[in-house]
>>> print(open('coords18.pdb').read())   # PDB, C-alpha atoms, pLDDT in the B column
ATOM      1  CA  MET A  15      13.699  22.320 -53.564  1.00 96.00           C
ATOM      2  CA  THR A  16      15.387  25.623 -54.059  1.00 95.00           C
ATOM      3  CA  LEU A  17      16.182  28.038 -56.829  1.00 92.00           C
ATOM      4  CA  GLY A  18      18.477  31.003 -56.562  1.00 88.00           C
ATOM      5  CA  THR A  19      22.024  31.841 -55.616  1.00 89.00           C
ATOM      6  CA  ARG A  20      24.319  29.978 -53.244  1.00 92.00           C
ATOM      7  CA  GLY A  21      22.661  31.913 -50.417  1.00 89.00           C
ATOM      8  CA  ASP A  22      19.396  30.199 -51.333  1.00 90.00           C
ATOM      9  CA  VAL A  23      20.966  26.746 -51.682  1.00 95.00           C
ATOM     10  CA  GLN A  24      23.292  26.610 -48.676  1.00 94.00           C
ATOM     11  CA  PRO A  25      20.533  26.631 -45.992  1.00 93.00           C
ATOM     12  CA  PHE A  26      18.936  23.640 -47.743  1.00 95.00           C
ATOM     13  CA  VAL A  27      22.287  21.823 -47.619  1.00 96.00           C
ATOM     14  CA  ALA A  28      22.404  22.406 -43.855  1.00 95.00           C
ATOM     15  CA  LEU A  29      18.786  21.260 -43.472  1.00 94.00           C
ATOM     16  CA  ALA A  30      19.416  18.134 -45.559  1.00 96.00           C
ATOM     17  CA  GLY A  31      22.500  17.332 -43.465  1.00 96.00           C
ATOM     18  CA  ALA A  32      20.475  17.601 -40.257  1.00 95.00           C
ATOM     19  CA  LEU A  33      17.696  15.450 -41.700  1.00 95.00           C
ATOM     20  CA  ASP A  34      20.219  12.820 -42.817  1.00 96.00           C
ATOM     21  CA  ALA A  35      21.779  12.845 -39.336  1.00 96.00           C
ATOM     22  CA  ALA A  36      18.313  12.258 -37.851  1.00 96.00           C
ATOM     23  CA  GLY A  37      17.859   9.148 -39.998  1.00 95.00           C
ATOM     24  CA  HIS A  38      15.912  10.590 -42.929  1.00 95.00           C
ATOM     25  CA  GLU A  39      16.954  10.459 -46.593  1.00 95.00           C
ATOM     26  CA  ALA A  40      17.077  14.055 -47.792  1.00 97.00           C
ATOM     27  CA  VAL A  41      17.704  15.223 -51.339  1.00 98.00           C
ATOM     28  CA  VAL A  42      18.519  18.811 -52.267  1.00 98.00           C
ATOM     29  CA  CYS A  43      16.895  19.753 -55.557  1.00 97.00           C
ATOM     30  CA  GLY A  44      18.436  22.901 -56.991  1.00 96.00           C
ATOM     31  CA  PRO A  45      20.094  24.476 -60.027  1.00 96.00           C
ATOM     32  CA  HIS A  46      22.625  22.265 -61.810  1.00 96.00           C
ATOM     33  CA  ARG A  47      25.336  24.838 -61.138  1.00 96.00           C
ATOM     34  CA  PHE A  48      25.342  23.870 -57.431  1.00 97.00           C
ATOM     35  CA  GLU A  49      25.753  20.106 -57.834  1.00 98.00           C
ATOM     36  CA  ASP A  50      29.445  20.054 -56.818  1.00 98.00           C
ATOM     37  CA  PHE A  51      28.736  22.274 -53.817  1.00 98.00           C
ATOM     38  CA  VAL A  52      25.884  20.089 -52.542  1.00 98.00           C
ATOM     39  CA  VAL A  53      27.537  16.725 -53.242  1.00 98.00           C
ATOM     40  CA  GLY A  54      30.763  18.065 -51.726  1.00 98.00           C
ATOM     41  CA  HIS A  55      28.893  18.279 -48.418  1.00 98.00           C
ATOM     42  CA  GLY A  56      27.817  14.648 -48.666  1.00 98.00           C
ATOM     43  CA  ILE A  57      24.225  15.432 -49.608  1.00 98.00           C
ATOM     44  CA  ARG A  58      22.226  13.742 -52.385  1.00 98.00           C
ATOM     45  CA  PHE A  59      21.488  16.142 -55.221  1.00 98.00           C
ATOM     46  CA  ALA A  60      18.891  16.364 -57.984  1.00 98.00           C
ATOM     47  CA  GLY A  61      19.438  19.105 -60.540  1.00 96.00           C
ATOM     48  CA  VAL A  62      16.975  21.417 -62.220  1.00 96.00           C
ATOM     49  CA  ASP A  63      17.585  23.874 -65.034  1.00 95.00           C
ATOM     50  CA  ASP A  64      19.288  27.112 -64.004  1.00 92.00           C
ATOM     51  CA  GLY A  65      16.355  29.070 -65.474  1.00 88.00           C
ATOM     52  CA  PRO A  66      16.426  32.758 -64.563  1.00 85.00           C
ATOM     53  CA  MET A  67      19.821  32.371 -62.855  1.00 84.00           C
ATOM     54  CA  ARG A  68      21.354  32.701 -66.329  1.00 84.00           C
ATOM     55  CA  GLN A  69      20.584  36.419 -66.161  1.00 79.00           C
ATOM     56  CA  LEU A  70      23.392  36.707 -63.631  1.00 78.00           C
ATOM     57  CA  ASP A  71      25.983  34.740 -65.641  1.00 83.00           C
ATOM     58  CA  SER A  72      27.493  37.765 -67.343  1.00 80.00           C
ATOM     59  CA  PRO A  73      28.204  41.050 -65.597  1.00 80.00           C
ATOM     60  CA  ALA A  74      26.636  42.937 -68.514  1.00 81.00           C
ATOM     61  CA  GLU A  75      23.350  41.031 -68.271  1.00 75.00           C
ATOM     62  CA  ALA A  76      23.270  41.277 -64.486  1.00 74.00           C
ATOM     63  CA  GLY A  77      23.866  45.025 -64.746  1.00 76.00           C
ATOM     64  CA  LYS A  78      20.970  45.419 -67.166  1.00 75.00           C
ATOM     65  CA  VAL A  79      18.641  43.608 -64.776  1.00 70.00           C
ATOM     66  CA  ILE A  80      19.852  45.376 -61.647  1.00 72.00           C
ATOM     67  CA  GLN A  81      20.334  48.927 -62.932  1.00 76.00           C
ATOM     68  CA  GLY A  82      18.219  49.004 -66.077  1.00 74.00           C
ATOM     69  CA  GLY A  83      15.273  50.883 -64.674  1.00 74.00           C
ATOM     70  CA  VAL A  84      11.612  50.371 -65.479  1.00 76.00           C
ATOM     71  CA  ARG A  85      12.116  49.355 -69.124  1.00 78.00           C
ATOM     72  CA  ALA A  86      14.625  46.645 -68.209  1.00 77.00           C
ATOM     73  CA  ARG A  87      12.297  45.402 -65.467  1.00 75.00           C
ATOM     74  CA  LEU A  88       9.358  45.234 -67.898  1.00 79.00           C
ATOM     75  CA  ARG A  89      11.511  43.268 -70.405  1.00 79.00           C
ATOM     76  CA  GLN A  90      12.391  40.926 -67.584  1.00 77.00           C
ATOM     77  CA  VAL A  91       8.716  40.512 -66.661  1.00 77.00           C
ATOM     78  CA  ARG A  92       7.924  39.488 -70.244  1.00 81.00           C
ATOM     79  CA  SER A  93      10.818  37.017 -70.481  1.00 81.00           C
ATOM     80  CA  MET A  94      10.569  35.484 -66.998  1.00 79.00           C
ATOM     81  CA  PRO A  95       7.750  32.970 -67.624  1.00 82.00           C
ATOM     82  CA  GLY A  96       9.681  31.300 -70.456  1.00 84.00           C
ATOM     83  CA  MET A  97      12.718  30.934 -68.209  1.00 85.00           C
ATOM     84  CA  PHE A  98      10.758  28.640 -65.895  1.00 88.00           C
ATOM     85  CA  ASN A  99       9.486  26.073 -68.432  1.00 88.00           C
ATOM     86  CA  GLN A 100      12.441  23.696 -68.067  1.00 91.00           C
ATOM     87  CA  VAL A 101      12.741  24.389 -64.327  1.00 92.00           C
ATOM     88  CA  LEU A 102       9.147  23.248 -63.852  1.00 92.00           C
ATOM     89  CA  ALA A 103       9.598  20.192 -66.072  1.00 92.00           C
ATOM     90  CA  ASP A 104      12.715  19.234 -64.117  1.00 95.00           C
ATOM     91  CA  CYS A 105      10.918  19.699 -60.785  1.00 94.00           C
ATOM     92  CA  TRP A 106       8.171  17.326 -61.891  1.00 94.00           C
ATOM     93  CA  ARG A 107      10.732  14.781 -63.108  1.00 95.00           C
ATOM     94  CA  VAL A 108      12.685  14.896 -59.832  1.00 96.00           C
ATOM     95  CA  ALA A 109       9.618  14.697 -57.592  1.00 95.00           C
ATOM     96  CA  SER A 110       7.613  12.108 -59.531  1.00 94.00           C
ATOM     97  CA  ALA A 111      10.236   9.714 -60.908  1.00 95.00           C
ATOM     98  CA  GLY A 112      13.697  10.979 -59.949  1.00 95.00           C
ATOM     99  CA  ALA A 113      15.691  11.226 -56.737  1.00 96.00           C
ATOM    100  CA  GLY A 114      12.755  12.820 -54.913  1.00 94.00           C
ATOM    101  CA  ALA A 115      10.186  10.172 -55.852  1.00 95.00           C
ATOM    102  CA  GLY A 116       8.500   8.737 -52.787  1.00 95.00           C
ATOM    103  CA  ALA A 117       9.371  11.712 -50.590  1.00 95.00           C
ATOM    104  CA  GLN A 118       7.276  12.111 -47.451  1.00 95.00           C
ATOM    105  CA  ALA A 119       7.394  15.918 -47.703  1.00 95.00           C
ATOM    106  CA  ILE A 120       8.640  18.731 -49.918  1.00 96.00           C
ATOM    107  CA  VAL A 121      10.453  21.679 -48.339  1.00 95.00           C
ATOM    108  CA  HIS A 122      10.916  24.516 -50.798  1.00 93.00           C
ATOM    109  CA  ASN A 123      11.744  28.172 -51.053  1.00 89.00           C
ATOM    110  CA  GLY A 124       9.234  30.371 -52.828  1.00 82.00           C
ATOM    111  CA  GLN A 125      11.471  30.890 -55.841  1.00 84.00           C
ATOM    112  CA  ILE A 126      11.201  27.323 -57.127  1.00 85.00           C
ATOM    113  CA  LEU A 127       7.450  27.932 -57.724  1.00 83.00           C
ATOM    114  CA  ALA A 128       6.569  24.243 -58.084  1.00 89.00           C
ATOM    115  CA  GLY A 129       6.802  23.136 -54.438  1.00 90.00           C
ATOM    116  CA  GLN A 130       3.198  23.562 -53.308  1.00 90.00           C
ATOM    117  CA  HIS A 131       1.793  22.258 -56.582  1.00 91.00           C
ATOM    118  CA  LEU A 132       4.018  19.186 -56.530  1.00 93.00           C
ATOM    119  CA  GLY A 133       2.980  18.437 -52.969  1.00 93.00           C
ATOM    120  CA  GLU A 134      -0.657  18.639 -53.991  1.00 93.00           C
ATOM    121  CA  ALA A 135      -0.170  16.500 -57.103  1.00 93.00           C
ATOM    122  CA  LEU A 136       1.798  13.837 -55.225  1.00 94.00           C
ATOM    123  CA  GLY A 137      -0.312  13.890 -52.068  1.00 94.00           C
ATOM    124  CA  VAL A 138       2.498  14.925 -49.702  1.00 96.00           C
ATOM    125  CA  PRO A 139       2.896  17.976 -47.467  1.00 94.00           C
ATOM    126  CA  ALA A 140       4.759  20.932 -48.967  1.00 93.00           C
ATOM    127  CA  VAL A 141       6.376  23.371 -46.562  1.00 90.00           C
ATOM    128  CA  LEU A 142       7.671  26.815 -47.441  1.00 86.00           C
ATOM    129  CA  GLY A 143      11.160  27.072 -45.946  1.00 87.00           C
ATOM    130  CA  LEU A 144      12.452  30.635 -45.802  1.00 81.00           C
ATOM    131  CA  PRO A 145      15.725  30.900 -43.874  1.00 73.00           C
ATOM    132  CA  ILE A 146      15.569  34.706 -43.802  1.00 67.00           C
ATOM    133  CA  PRO A 147      12.609  37.022 -43.178  1.00 60.00           C
ATOM    134  CA  MET A 148      13.103  38.847 -46.481  1.00 61.00           C
ATOM    135  CA  TYR A 149       9.675  38.038 -47.883  1.00 63.00           C
ATOM    136  CA  VAL A 150       7.743  38.191 -44.647  1.00 62.00           C
ATOM    137  CA  PRO A 151       9.366  40.776 -42.351  1.00 64.00           C
ATOM    138  CA  THR A 152       8.080  40.840 -38.777  1.00 67.00           C
ATOM    139  CA  ALA A 153       8.555  43.125 -35.794  1.00 69.00           C
ATOM    140  CA  ALA A 154      11.105  40.655 -34.398  1.00 70.00           C
ATOM    141  CA  PHE A 155      12.894  40.252 -37.741  1.00 66.00           C
ATOM    142  CA  PRO A 156      12.425  43.395 -39.839  1.00 65.00           C
ATOM    143  CA  TRP A 157      13.506  43.778 -43.456  1.00 62.00           C
ATOM    144  CA  ALA A 158      17.145  42.740 -43.831  1.00 59.00           C
ATOM    145  CA  GLY A 159      18.131  46.057 -45.427  1.00 58.00           C
ATOM    146  CA  GLN A 160      17.656  48.141 -42.290  1.00 55.00           C
ATOM    147  CA  ALA A 161      15.370  48.622 -39.339  1.00 55.00           C
ATOM    148  CA  LEU A 162      12.442  50.798 -40.362  1.00 51.00           C
ATOM    149  CA  PRO A 163       9.938  52.723 -38.224  1.00 52.00           C
ATOM    150  CA  THR A 164       6.488  51.165 -38.371  1.00 57.00           C
ATOM    151  CA  TRP A 165       5.010  53.520 -40.985  1.00 55.00           C
ATOM    152  CA  GLN A 166       8.076  53.077 -43.234  1.00 54.00           C
ATOM    153  CA  HIS A 167       7.939  49.317 -42.778  1.00 52.00           C
ATOM    154  CA  TYR A 168       4.377  49.216 -44.074  1.00 56.00           C
ATOM    155  CA  ALA A 169       5.169  51.681 -46.861  1.00 60.00           C
ATOM    156  CA  TYR A 170       8.065  49.439 -47.918  1.00 56.00           C
ATOM    157  CA  LEU A 171       5.798  46.393 -47.969  1.00 58.00           C
ATOM    158  CA  GLY A 172       3.258  48.267 -50.112  1.00 60.00           C
ATOM    159  CA  LEU A 173       5.916  49.341 -52.611  1.00 57.00           C
ATOM    160  CA  TYR A 174       7.432  45.866 -52.636  1.00 55.00           C
ATOM    161  CA  ASP A 175       4.048  44.329 -53.372  1.00 57.00           C
ATOM    162  CA  ALA A 176       3.254  46.818 -56.120  1.00 55.00           C
ATOM    163  CA  PHE A 177       6.676  46.603 -57.786  1.00 52.00           C
ATOM    164  CA  TYR A 178       6.803  42.812 -57.913  1.00 52.00           C
ATOM    165  CA  MET A 179       3.130  42.085 -58.481  1.00 54.00           C
ATOM    166  CA  LEU A 180       3.387  42.086 -62.286  1.00 50.00           C
ATOM    167  CA  ASP A 181       6.510  39.930 -62.293  1.00 54.00           C
ATOM    168  CA  ASP A 182       5.066  37.451 -59.794  1.00 55.00           C
ATOM    169  CA  ALA A 183       1.736  37.266 -61.611  1.00 57.00           C
ATOM    170  CA  ALA A 184       3.341  36.510 -64.982  1.00 56.00           C
ATOM    171  CA  VAL A 185       5.661  33.831 -63.607  1.00 57.00           C
ATOM    172  CA  LEU A 186       3.029  32.259 -61.384  1.00 58.00           C
ATOM    173  CA  ALA A 187       0.449  32.119 -64.167  1.00 59.00           C
ATOM    174  CA  THR A 188       2.894  30.262 -66.390  1.00 60.00           C
ATOM    175  CA  ALA A 189       3.854  27.929 -63.533  1.00 60.00           C
ATOM    176  CA  VAL A 190       0.248  27.075 -62.695  1.00 61.00           C
ATOM    177  CA  VAL A 191      -0.697  26.403 -66.313  1.00 62.00           C
ATOM    178  CA  THR A 192       2.384  24.231 -66.838  1.00 65.00           C
ATOM    179  CA  LEU A 193       1.871  22.283 -63.617  1.00 63.00           C
ATOM    180  CA  GLU A 194      -1.829  21.781 -64.336  1.00 65.00           C
ATOM    181  CA  ARG A 195      -0.840  20.287 -67.697  1.00 65.00           C
ATOM    182  CA  TYR A 196       1.440  17.842 -65.878  1.00 61.00           C
ATOM    183  CA  LYS A 197      -1.349  16.928 -63.465  1.00 62.00           C
ATOM    184  CA  LEU A 198      -3.692  16.287 -66.383  1.00 61.00           C
ATOM    185  CA  GLY A 199      -1.082  14.219 -68.210  1.00 62.00           C
ATOM    186  CA  GLU A 200      -0.817  16.608 -71.153  1.00 58.00           C
ATOM    187  CA  ARG A 201       3.000  16.637 -70.988  1.00 53.00           C
TER     188      ARG A 201
END
>>> encode(input="coords18.pdb", output="structure tokens")
Amino acid sequence: MTLGTRGDVQPFVALAGALDAAGHEAVVCGPHRFEDFVVGHGIRFAGVDDGPMRQLDSPAEAGKVIQGGVRARLRQVRSMPGMFNQVLADCWRVASAGAGAGAQAIVHNGQILAGQHLGEALGVPAVLGLPIPMYVPTAAFPWAGQALPTWQHYAYLGLYDAFYMLDDAAVLATAVVTLERYKLGER
């Protein structure tokens, strides 16, 4: 399960291909916009809503998000939870009754939000698969932007955490509430 740009989807296509070659039946679950790309590589695909990816569909909207400053970021924080409602519903559909039903494990990137919760609800392992050390830089694999001296590395991590904490909290709160409703059969 993955959400994001082609750079987020392509590693899951490679992983699914390797799993298929090893005799497993892998399914890539990702935004509908990548169906042709995934299927074109001979991999089974299950689509989810594009959700927040729509912000990047027009150059004007993408520019507002990227260069809009604090006000644009705060608007994005307020709108982000609503962008995940259909994504989460689609994830549940795929994992519980769709192409992913009966899976022995869920491998997901952190952006899809539902991976760990779906694993718990369905009683299967859920593994966070991050093909780059962007979210968890280490001494061996520092932040992808540039190599930083130790004190700058930790300062970067502190700023990163502070800057994204509000956004992550709002999205995650919505995701947890929505997924708990699914678990309780309220949807």
>>> closest_residue(input="coords18.pdb", among="A:Gly77, A:Ala117, A:Ser93, A:Arg68", to="Val42 in chain A", atoms="only C-alpha atoms")
A:Ala117
>>> resolve_selection(input="coords18.pdb", expression="the PyMOL selection byres ((chain A and resi 56) around 12)", output="PDB file with C-alpha atoms, in the frame of the given file")
ATOM      1  CA  VAL A  27      22.287  21.823 -47.619  1.00 96.00           C
ATOM      2  CA  ALA A  28      22.404  22.406 -43.855  1.00 95.00           C
ATOM      3  CA  ALA A  30      19.416  18.134 -45.559  1.00 96.00           C
ATOM      4  CA  GLY A  31      22.500  17.332 -43.465  1.00 96.00           C
ATOM      5  CA  ALA A  32      20.475  17.601 -40.257  1.00 95.00           C
ATOM      6  CA  ASP A  34      20.219  12.820 -42.817  1.00 96.00           C
ATOM      7  CA  ALA A  35      21.779  12.845 -39.336  1.00 96.00           C
ATOM      8  CA  GLU A  39      16.954  10.459 -46.593  1.00 95.00           C
ATOM      9  CA  ALA A  40      17.077  14.055 -47.792  1.00 97.00           C
ATOM     10  CA  VAL A  41      17.704  15.223 -51.339  1.00 98.00           C
ATOM     11  CA  VAL A  42      18.519  18.811 -52.267  1.00 98.00           C
ATOM     12  CA  GLU A  49      25.753  20.106 -57.834  1.00 98.00           C
ATOM     13  CA  ASP A  50      29.445  20.054 -56.818  1.00 98.00           C
ATOM     14  CA  PHE A  51      28.736  22.274 -53.817  1.00 98.00           C
ATOM     15  CA  VAL A  52      25.884  20.089 -52.542  1.00 98.00           C
ATOM     16  CA  VAL A  53      27.537  16.725 -53.242  1.00 98.00           C
ATOM     17  CA  GLY A  54      30.763  18.065 -51.726  1.00 98.00           C
ATOM     18  CA  HIS A  55      28.893  18.279 -48.418  1.00 98.00           C
ATOM     19  CA  ILE A  57      24.225  15.432 -49.608  1.00 98.00           C
ATOM     20  CA  ARG A  58      22.226  13.742 -52.385  1.00 98.00           C
ATOM     21  CA  PHE A  59      21.488  16.142 -55.221  1.00 98.00           C
TER      22      PHE A  59
END
>>> atom_distance(input="coords18.pdb", atom1="CA of Val62 in chain A", atom2="CA of Gln100 in chain A")
7.7 Å
>>> resolve_selection(input="coords18.pdb", expression="the PyMOL selection byres ((chain A and resi 79-82) around 12)", output="count of residues only")
24
>>> atom_distance(input="coords18.pdb", atom1="CA of Pro145 in chain A", atom2="CA of Pro25 in chain A")
6.8 Å
>>> resolve_selection(input="coords18.pdb", expression="the PyMOL selection byres ((chain A and resi 113) around 8)", output="VMD selection string")
chain A and resid 41 59 to 60 108 to 109 111 to 112 114 to 115
>>> atom_distance(input="coords18.pdb", atom1="CA of Gly21 in chain A", atom2="CA of Arg92 in chain A")
25.8 Å
>>> residues_around(input="coords18.pdb", residues="Gln130 in chain A", least_positions_apart="6", cutoff="12 Å", atoms="only C-alpha atoms", output="PyMOL selection string")
chain A and resi 15+105-106+109+119-124+136-143+186+189-190+193
>>> closest_residue(input="coords18.pdb", among="A:Thr19, A:Leu29, A:Ala154, A:Ala128", to="Leu102 in chain A", atoms="all atoms listed in the file")
A:Ala128
